[in-house]
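The structure appears below as structure tokens.
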Amino acid sequence: MKRILLVVCLLAAAFVAGAQPANEVGMRHQIRVGWGDALFETLSFANTKPHIYPNPEALPADFSIREQFNSFCTGHFFVDYGYRINKLVRVGGQVDFEGIFWDEGYFNRNHQLVGTAKKVRNFNIVVMPTVRLEYMHKSIVTLYSGAGAGMLVAFDNAEGCELSPALNLNLVGVQLGKGHWSGGVELGLMLALSGGNKVYMLGSRLLSVSLNYAW
């Protein structure tokens, strides 16, 4: 992950030297507010299949089994700032947030909840510097690719908190609009893992959409 951060910084520094005058690159600043899917999290924290038995009386009277239910993921909400160095390169930073929620509890042989369900609330915040290469400008269409590398802060309602390196790759993005306002669609992926043992995200944010304002 350190190598990735170094590459991102070197790319940005390399283009600073070739920065063009403002009248050649247009509006330099851009804010993006967007949302991305959370396919990995949705699949990883899906509801447990209910354990419904055709002959529950055949099971021991004190039988119980754990289930996860009411699972919900907010998806990725992100805010992004970018500064245009020249017509090709934009650098900046991004903050990404998501929530992953579910209830869990034990059910008896008749699939009745035993006691009170436990509410689990997980939150992920990713903060990262970014670099974007805008390689095609045609009328109202801009095509670009980019990358970001930073840190994930994962915490929950049980006072747990962990850190992990995080990476976001934008394989291809399309920006539509002219003037101050535009919209964007991106294909890419976000991942965050710690030592290969703990996987927080893998193939998340495959599709993102955003509303952009430039000045």
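Letters for chains follow the order of the structure tokens (A, B, ...), residue numbers begin at 1 for each chain, and ligand numbers begin at 1 in the order shown.
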Pick out the residues sitting within 10 Å of Glu57 of chain A, and hand them over as a PDB file with N, CA, C and O atoms, in the first residue's frame; count only C-alpha atoms, and ignore anything fewer than 4 positions along from it in its own chain.
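What ended up in result-v1.pdb:
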ATOM      1  N   TYR A  53     -37.957 -26.076  10.493  1.00  0.00           N
ATOM      2  CA  TYR A  53     -37.878 -27.534  10.484  1.00  0.00           C
ATOM      3  C   TYR A  53     -39.270 -28.142  10.318  1.00  0.00           C
ATOM      4  O   TYR A  53     -40.224 -27.701  10.972  1.00  0.00           O
ATOM      5  N   ALA A  61     -35.777 -30.094  23.396  1.00  0.00           N
ATOM      6  CA  ALA A  61     -36.599 -28.984  23.855  1.00  0.00           C
ATOM      7  C   ALA A  61     -35.787 -27.708  24.050  1.00  0.00           C
ATOM      8  O   ALA A  61     -36.315 -26.600  23.890  1.00  0.00           O
ATOM      9  N   ARG A 109     -36.585 -24.306  18.383  1.00  0.00           N
ATOM     10  CA  ARG A 109     -36.923 -25.283  17.351  1.00  0.00           C
ATOM     11  C   ARG A 109     -38.173 -24.903  16.567  1.00  0.00           C
ATOM     12  O   ARG A 109     -38.375 -25.363  15.446  1.00  0.00           O
ATOM     13  N   ASN A 110     -39.014 -24.033  17.130  1.00  0.00           N
ATOM     14  CA  ASN A 110     -40.211 -23.562  16.425  1.00  0.00           C
ATOM     15  C   ASN A 110     -39.971 -22.215  15.726  1.00  0.00           C
ATOM     16  O   ASN A 110     -40.908 -21.550  15.319  1.00  0.00           O
TER      17      ASN A 110
END
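Minimum distance to Gly173 of chain A across A:Ser44, A:Ser208, A:Thr130, A:Gln112 (counting only C-alpha atoms) occurs at A:Ser208.
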Exercise for the section: From a DSSP calculation on the backbone, collect every residue of segment 13-200 of chain A in strand (DSSP E or B) and output the set as number ranges by chain. Expected result: A: 29-36, 64-73, 76-84, 89-108, 113-138, 141-156, 161-177, 181-194, 198-200
Problem - Nearest residue to Ser139 of chain A from the set A:Gly188, A:Pro54, A:Gly177, A:Gly82 (distances using only C-alpha atoms) - result: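 Ranking A:Gly188, A:Pro54, A:Gly177, A:Gly82 by distance to Ser139 of chain A, first place goes to A:Gly177.
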Practice task
Identify, on the basis of only C-alpha atoms, every residue whose closest approach to Leu206 of chain A does not exceed 8 Å; exclude the query and any residue fewer than 3 positions from it along the same chain; express the result as a VMD selection string.
Solution key: chain A and resid 36 to 39 186 to 190 203
